[in-house]
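Student: Pasting a structure here, questions to come.
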Amino acid sequence: AMGAYSLGLQLANAQGRPMSYGLLTVSRGAIALALAVLFAQLGYGGIGAVIGAVIACAICVLLLGFRVPDGAMRRSPELRRQIVVYGFPLTMTYLATMVLDFGDRFMIGWLLGASAVAAYAAAYDLPQQVVGAIMNVLFLAAYPRVTAAWEEGGAGAARRAMLPLSRAMLLAVPLVTGVVIGWAPEISRVVFGPSLREEAIQVMPWVAFALGVGCIKSFYLDVAFQLSKVLHVQLRITAAMAVLNVGLNLLLIPRYGVVGAAISTAAACSAGAAMSWAFGRCLGVYPSGLRDALSMLVVLIAVIATMRMLPPADLGTTLDGILRLLAGLVSYVIAVSLLNLAGIRSIVKRGAKN
């Protein structure tokens, strides 16, 4: 059901139908939430939530549907061969990514017991649905234009088409990731129960950083491999990340608990992003350089440091939490302006003139 739903999303995005994409996304989320609550109230628990998600996917695909390519394309042996050659490394990359995303949970359960998985999974999934979702929207908005530019004009045209995506990533990653990290105590106290709260506060910053770096790798750096059809490089990098993550989990989980698993994920994602940059920059697609990456890191540190300087808000007290958030936003604006991240000064000047 999820595969059919994802296919509908990808077709809507590739065909430039944002309304269909939005309807599929919103309707699935609303139906899944309603059915999950209903089945949970009826006593089905977690299984009921899964059933609700499956039914929501099926309803969205059946009612909204998606445009299937014409019969000539489906009957083309050459097209099927190209899909298999292009898609098999991507499929294996996805499987390696699953090991990276979910393997730590099995290892926590094996090394620390099943009860220890709850806090880690909750602290992982929440920032993933925030950081990952926002970055995915930026990527999906830009990718069709980038691929069209590559087919029409090669690396130079693709580099120009990737400039808006590059600027969006440079500006969004430190803001979203920094706020999640700096606001982790408030988020944990509002969202999680007492049994999960303290461990979630420790785990969430590492996970948010890992997701921010991972999104840069997946939604920006790896685009070069997909355009150039050198997907074996992307597969090897992702497999190396998975192996590194497993090794670090074996080393750090017994010593640091669930925080060790989060640190392992952050280290594996950072190493993967560095490898993708090292192998992908020679393809001539990236419009941003090392200076931009370092400036983005400085902005992230400024946001986190500013928010951490103020004391965390107690449960039920909103003023301190709001002040921490505002302080982080102010430090973000100042740091971005001073460093001219993503050429923000020129963008603001052009906007003022228009």
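Ordering of the structure tokens sets the chain letters (A, B, ...), residue numbers begin anew at 1 in every chain, and ligands are numbered from 1 in the order given.
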For range 16-24 of chain A, list every protein, DNA or RNA residue within 10 Å, evaluated using only C-alpha atoms, and leave out those in the same chain fewer than 5 positions away; present the list as a PyMOL selection string.

Tutor: chain A and resi 5-6+8-11+29+56-57+59-61+63-66+141+144-145

Student: For Gly156 in chain A, which residue among A:Val190, A:Leu283, A:Val179, A:Leu7 is the nearest when counting only C-alpha atoms?

Tutor: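 Selected residue with least distance to Gly156 in chain A: A:Leu283.
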
Student: Which value, in Å to one decimal, gives the distance between CA of Ala224 in chain A and CA of Val285 in chain A?

Tutor: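 CA of Val285 in chain A lies at a distance of 6.1 Å from CA of Ala224 in chain A.
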
Student: Pick out the residues sitting within 8 Å of range 293-303 of chain A, and hand them over as a list in words; count only C-alpha atoms, and ignore anything fewer than 6 positions along from it in its own chain.

Tutor: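 Once the adjacent positions are removed, what remains is Leu170, Leu171, Pro174, Leu175, Thr177, Gly178, Val179, Gly182, Gly328, Leu329, Ser331, Tyr332, Ala335, Val336, Leu339 and Leu341 of chain A.
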
Student: Output all heavy atoms for every residue in that selection, as a compact mmCIF listing (two decimals), in the first residue's frame.

Tutor:
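Result file again-v9.txt:
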# COMPACT_ATOMS: atom_id res chain seq x y z
N LEU A 170 20.99 25.56 2.37
CA LEU A 170 21.92 26.29 3.23
C LEU A 170 21.19 27.12 4.27
O LEU A 170 21.66 27.26 5.42
CB LEU A 170 22.80 27.20 2.37
CG LEU A 170 23.87 26.52 1.52
CD1 LEU A 170 24.51 27.52 0.56
CD2 LEU A 170 24.93 25.87 2.39
N LEU A 171 20.04 27.67 3.91
CA LEU A 171 19.31 28.52 4.84
C LEU A 171 18.40 27.72 5.76
O LEU A 171 18.22 28.08 6.93
CB LEU A 171 18.47 29.54 4.06
CG LEU A 171 19.26 30.60 3.28
CD1 LEU A 171 18.33 31.41 2.40
CD2 LEU A 171 20.02 31.51 4.23
N PRO A 174 20.34 24.87 8.94
CA PRO A 174 20.74 25.36 10.27
C PRO A 174 19.58 25.92 11.07
O PRO A 174 19.58 25.83 12.31
CB PRO A 174 21.77 26.46 9.95
CG PRO A 174 21.48 26.86 8.56
CD PRO A 174 20.98 25.64 7.86
N LEU A 175 18.57 26.48 10.41
CA LEU A 175 17.43 27.02 11.14
C LEU A 175 16.59 25.90 11.75
O LEU A 175 16.34 25.89 12.97
CB LEU A 175 16.56 27.86 10.19
CG LEU A 175 15.26 28.39 10.80
CD1 LEU A 175 15.54 29.29 11.99
CD2 LEU A 175 14.44 29.12 9.73
N THR A 177 17.21 22.57 12.03
CA THR A 177 17.98 21.69 12.91
C THR A 177 18.35 22.39 14.21
O THR A 177 18.26 21.81 15.30
CB THR A 177 19.25 21.21 12.19
OG1 THR A 177 18.89 20.60 10.95
CG2 THR A 177 20.00 20.20 13.04
N GLY A 178 18.78 23.65 14.11
CA GLY A 178 19.16 24.39 15.30
C GLY A 178 18.01 24.58 16.27
O GLY A 178 18.18 24.45 17.49
N VAL A 179 16.82 24.87 15.75
CA VAL A 179 15.66 25.05 16.62
C VAL A 179 15.28 23.74 17.29
O VAL A 179 14.96 23.72 18.50
CB VAL A 179 14.48 25.62 15.81
CG1 VAL A 179 13.18 25.54 16.61
CG2 VAL A 179 14.75 27.06 15.41
N GLY A 182 18.06 23.17 19.96
CA GLY A 182 17.99 24.12 21.05
C GLY A 182 16.71 24.04 21.85
O GLY A 182 16.68 24.36 23.04
N GLY A 328 16.93 32.28 19.53
CA GLY A 328 17.53 31.48 18.47
C GLY A 328 17.27 32.05 17.09
O GLY A 328 18.16 32.08 16.23
N LEU A 329 16.05 32.56 16.87
CA LEU A 329 15.72 33.15 15.57
C LEU A 329 16.51 34.42 15.32
O LEU A 329 16.98 34.67 14.20
CB LEU A 329 14.22 33.43 15.51
CG LEU A 329 13.30 32.20 15.56
CD1 LEU A 329 11.83 32.64 15.54
CD2 LEU A 329 13.58 31.26 14.40
N SER A 331 19.47 35.19 16.62
CA SER A 331 20.86 34.83 16.36
C SER A 331 21.02 34.25 14.96
O SER A 331 22.05 34.47 14.30
CB SER A 331 21.34 33.82 17.40
OG SER A 331 20.65 32.59 17.26
N TYR A 332 20.01 33.56 14.48
CA TYR A 332 20.05 33.01 13.11
C TYR A 332 20.11 34.14 12.09
O TYR A 332 20.93 34.14 11.17
CB TYR A 332 18.83 32.14 12.87
CG TYR A 332 18.63 31.73 11.43
CD1 TYR A 332 19.36 30.69 10.88
CD2 TYR A 332 17.71 32.40 10.62
CE1 TYR A 332 19.17 30.33 9.55
CE2 TYR A 332 17.52 32.05 9.30
CZ TYR A 332 18.26 31.01 8.77
OH TYR A 332 18.09 30.65 7.46
N ALA A 335 23.56 35.90 12.29
CA ALA A 335 24.65 35.09 11.75
C ALA A 335 24.55 34.95 10.23
O ALA A 335 25.56 35.05 9.51
CB ALA A 335 24.64 33.71 12.41
N VAL A 336 23.35 34.74 9.72
CA VAL A 336 23.17 34.61 8.26
C VAL A 336 23.56 35.91 7.56
O VAL A 336 24.20 35.91 6.51
CB VAL A 336 21.71 34.22 7.95
CG1 VAL A 336 21.41 34.43 6.47
CG2 VAL A 336 21.45 32.78 8.34
N LEU A 339 27.51 36.49 7.75
CA LEU A 339 28.26 35.56 6.91
C LEU A 339 27.80 35.58 5.46
O LEU A 339 28.41 34.93 4.61
CB LEU A 339 28.12 34.14 7.47
CG LEU A 339 28.73 33.90 8.85
CD1 LEU A 339 28.36 32.50 9.37
CD2 LEU A 339 30.25 34.05 8.79
N LEU A 341 25.28 34.11 4.15
CA LEU A 341 25.03 32.73 3.80
C LEU A 341 24.08 32.66 2.61
O LEU A 341 23.03 33.31 2.57
CB LEU A 341 24.41 31.99 4.99
CG LEU A 341 24.16 30.50 4.82
CD1 LEU A 341 25.47 29.74 4.58
CD2 LEU A 341 23.45 29.93 6.05

Student: Would you list the contacts of Met162 in chain A as a list in words, taking every protein, DNA or RNA residue within 10 Å and counting only C-alpha atoms, but skipping same-chain residues closer than 3 positions in sequence?

Tutor: Phe139, Ala142, Tyr143, Arg145, Val146, Thr147, Ala149, Gly156, Ala157, Ala158, Arg159, Leu165, Ser166, Arg167, Ala168, Tyr220, Val223, Val285, Tyr286, Pro287 and Ser288 of chain A

Student: Mind writing the picked residues with C-alpha atoms as a compact mmCIF listing (two decimals), in the first residue's frame?

Tutor:
# COMPACT_ATOMS: atom_id res chain seq x y z
CA PHE A 139 14.03 18.61 -2.76
CA ALA A 142 13.50 21.42 -7.28
CA TYR A 143 14.35 17.95 -8.59
CA ARG A 145 13.67 21.18 -12.91
CA VAL A 146 17.19 19.96 -12.18
CA THR A 147 16.74 16.75 -14.18
CA ALA A 149 18.11 21.10 -17.08
CA GLY A 156 26.39 23.54 -16.43
CA ALA A 157 22.63 23.85 -16.84
CA ALA A 158 22.04 21.47 -13.94
CA ARG A 159 24.37 23.52 -11.73
CA LEU A 165 17.91 24.17 -3.99
CA SER A 166 21.40 24.90 -2.71
CA ARG A 167 20.34 28.23 -1.23
CA ALA A 168 17.23 26.71 0.31
CA TYR A 220 21.53 17.67 -2.43
CA VAL A 223 21.67 14.35 -6.82
CA VAL A 285 26.93 19.98 -10.47
CA TYR A 286 27.25 21.56 -7.02
CA PRO A 287 26.86 25.37 -7.09
CA SER A 288 28.00 25.70 -3.45

Student: Tell me, as a PyMOL selection string, which residues lie within 10 Å of Leu248 in chain A, counting only C-alpha atoms; anything in the same chain fewer than 4 positions away does not count.

Tutor: chain A and resi 104+242-244+252-253+260-261+263-265+267-268
